[in-house]
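To keep things clear, I will list the structure first and then write my remarks on it.
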Amino acid sequence: MSFPGSGLAKGLAVTLRTMTKRSVTAQYPDVQPDLAPRTRGVIGLFEENCTVCMLCARECPDWCIYIDSHKETVPPAAPGGRERSRNVLDRFAIDFALCMYCGICIEVCPFDALFWSPEFEYAETDIRDLTHERDKLREWMWTVPEPPALDPAAEEPKEIAAARKAADKLAAQQAAEAAAQHENQNENPNTEEEGT
């Protein structure tokens, strides 16, 4: 059973404890904060990887990604081949006034064209300036940190293991052919015809 005023006494005790501790104030903007490696600041676009598949725009719950493109015909790579058509990116814009920073667009991109940048200082006085076009999104790419190093004890990725196996098989085959060719040269040395 508690006596009257015990809640007030507990509250004052907490107040007295915090009053005696030294305050720690982050002196932002004079001192930049130490951000976590996976900080969600702004989204950067690596335009060369974008195939205009529109997955990011379709999956965005806020509909804040605007993409425009057109089709171009590409000549055949080899003679006798057929022409192919490909999408060419005309506009890629993200409206950060609408964006809720969920990261779905980055997760669904199958070609690694979108990345998180830890930059967060891009406030504007006009809300229309928060729509970043592809040139601005490209600038954010230079602030994207490098991915963390792989765990040395991790299993090798299947793609690399398959490529290594194919390369080792090809190298062994070439070494066997070179050894067989060298053996044939030793058995049948070139004899020069003697002239009279």
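By order of appearance in the structure tokens: chains A, B, ..., then residues from 1 within every chain, and ligands from 1 in the order shown.
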
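The neighbours of Ser117 of chain A here are the residues that come within 10 Å of it, using only C-alpha atoms and leaving out any residue fewer than 6 positions away in the same chain; they are Pro37, Arg38, Thr39, Arg40, Gly41, Val42, Ile43, Gly44, Leu45, Trp140, Met141, Trp142, Thr143, Val144 and Pro145 of chain A.
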
Test item: residues at most 8 Å from Phe96 of chain A, only C-alpha atoms, excluding those fewer than 5 positions along its chain, as a PDB file with N, CA, C and O atoms, in the first residue's frame:
```
ATOM      1  N   CYS A  64       5.375   8.586 -55.737  1.00  0.00           N
ATOM      2  CA  CYS A  64       6.204   9.800 -55.792  1.00  0.00           C
ATOM      3  C   CYS A  64       7.356   9.669 -56.787  1.00  0.00           C
ATOM      4  O   CYS A  64       8.205  10.550 -56.860  1.00  0.00           O
ATOM      5  N   LEU A 130      11.618  20.154 -53.943  1.00  0.00           N
ATOM      6  CA  LEU A 130      11.880  18.841 -53.361  1.00  0.00           C
ATOM      7  C   LEU A 130      11.666  17.711 -54.359  1.00  0.00           C
ATOM      8  O   LEU A 130      11.894  16.555 -54.040  1.00  0.00           O
ATOM      9  N   THR A 131      11.224  18.038 -55.567  1.00  0.00           N
ATOM     10  CA  THR A 131      11.156  17.044 -56.636  1.00  0.00           C
ATOM     11  C   THR A 131      12.517  17.045 -57.328  1.00  0.00           C
ATOM     12  O   THR A 131      12.849  17.969 -58.053  1.00  0.00           O
ATOM     13  N   HIS A 132      13.283  16.001 -57.079  1.00  0.00           N
ATOM     14  CA  HIS A 132      14.641  15.911 -57.626  1.00  0.00           C
ATOM     15  C   HIS A 132      14.612  15.158 -58.954  1.00  0.00           C
ATOM     16  O   HIS A 132      14.180  13.996 -59.006  1.00  0.00           O
TER      17      HIS A 132
END
```

Given only C-alpha atoms as the counted atoms, nearest of A:Glu48, A:Glu139, A:Glu121, A:Asp90 to Pro29 of chain A: A:Glu121

Which of segment 32-74 of chain A end up as strand (DSSP E or B) when DSSP is run on this backbone - answer as a list in words?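 Matching residues, listed in order: Val42, Ile43, Gly44, Leu45, Ile65, Tyr66, Ile67, Asp68, Ser69, His70, Lys71, Glu72, Thr73 and Val74 of chain A.
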
In Å, with one decimal, what is the gap from atom CA of Leu89 of chain A to atom CA of Glu107 of chain A?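 Atom-to-atom, atom CA of Leu89 of chain A to atom CA of Glu107 of chain A, that is 20.1 Å.
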
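Put simply, atom CA of Asn87 of chain A is 12.6 Å away from atom CA of Glu47 of chain A.
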
Polymer residues at most 8 Å from Ile106 of chain A, only C-alpha atoms, same-chain spacing of 4 or more positions, as a ChimeraX atom specification: /A:56,112-116

Okay, now the selection with all heavy atoms, as a short mmCIF file (atom, residue, chain, number, x, y, z; two decimals), in the first residue's frame?
```cif
data_model
loop_
_atom_site.label_atom_id
_atom_site.label_comp_id
_atom_site.auth_asym_id
_atom_site.auth_seq_id
_atom_site.Cartn_x
_atom_site.Cartn_y
_atom_site.Cartn_z
N CYS A 56 9.96 0.24 -59.69
CA CYS A 56 10.03 1.15 -58.55
C CYS A 56 8.80 2.06 -58.51
O CYS A 56 8.21 2.28 -57.45
CB CYS A 56 11.32 1.97 -58.59
SG CYS A 56 11.58 2.87 -60.13
N ASP A 112 19.86 -2.84 -59.48
CA ASP A 112 20.67 -2.00 -58.60
C ASP A 112 20.88 -0.61 -59.19
O ASP A 112 22.01 -0.16 -59.38
CB ASP A 112 22.02 -2.65 -58.29
CG ASP A 112 21.89 -3.87 -57.40
OD1 ASP A 112 20.92 -3.91 -56.62
OD2 ASP A 112 22.73 -4.77 -57.48
N ALA A 113 19.78 0.07 -59.47
CA ALA A 113 19.87 1.43 -59.99
C ALA A 113 19.60 2.47 -58.91
O ALA A 113 19.92 3.63 -59.10
CB ALA A 113 18.89 1.61 -61.14
N LEU A 114 19.01 2.07 -57.79
CA LEU A 114 18.68 2.99 -56.72
C LEU A 114 19.43 2.61 -55.44
O LEU A 114 19.53 1.43 -55.12
CB LEU A 114 17.17 2.98 -56.45
CG LEU A 114 16.29 3.45 -57.60
CD1 LEU A 114 14.82 3.21 -57.29
CD2 LEU A 114 16.53 4.92 -57.91
N PHE A 115 19.93 3.63 -54.73
CA PHE A 115 20.71 3.41 -53.52
C PHE A 115 20.37 4.45 -52.47
O PHE A 115 20.01 5.58 -52.80
CB PHE A 115 22.22 3.51 -53.83
CG PHE A 115 22.73 2.45 -54.74
CD1 PHE A 115 22.73 2.65 -56.11
CD2 PHE A 115 23.20 1.24 -54.26
CE1 PHE A 115 23.20 1.68 -56.98
CE2 PHE A 115 23.66 0.27 -55.11
CZ PHE A 115 23.67 0.48 -56.47
N TRP A 116 20.55 4.09 -51.20
CA TRP A 116 20.39 5.04 -50.11
C TRP A 116 21.67 5.84 -49.95
O TRP A 116 22.76 5.28 -49.93
CB TRP A 116 20.13 4.33 -48.78
CG TRP A 116 18.73 3.88 -48.57
CD1 TRP A 116 18.31 2.60 -48.40
CD2 TRP A 116 17.56 4.70 -48.47
NE1 TRP A 116 16.96 2.57 -48.22
CE2 TRP A 116 16.47 3.84 -48.25
CE3 TRP A 116 17.34 6.07 -48.56
CZ2 TRP A 116 15.17 4.31 -48.12
CZ3 TRP A 116 16.05 6.54 -48.43
CH2 TRP A 116 14.98 5.66 -48.20
#
```

All alpha helix (DSSP H) positions in segment 81-156 of chain A, as a VMD selection string: chain A and resid 104 to 108 134 to 141

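Here atom CA of Asp126 of chain A stands at a distance of 29.1 Å from atom CA of Ala36 of chain A.
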
So, counting only C-alpha atoms, which residue among A:Leu150, A:Cys109, A:Ala172, A:Leu137 is closest to Ala93 of chain A?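 Smallest distance to Ala93 of chain A is found for A:Leu137.
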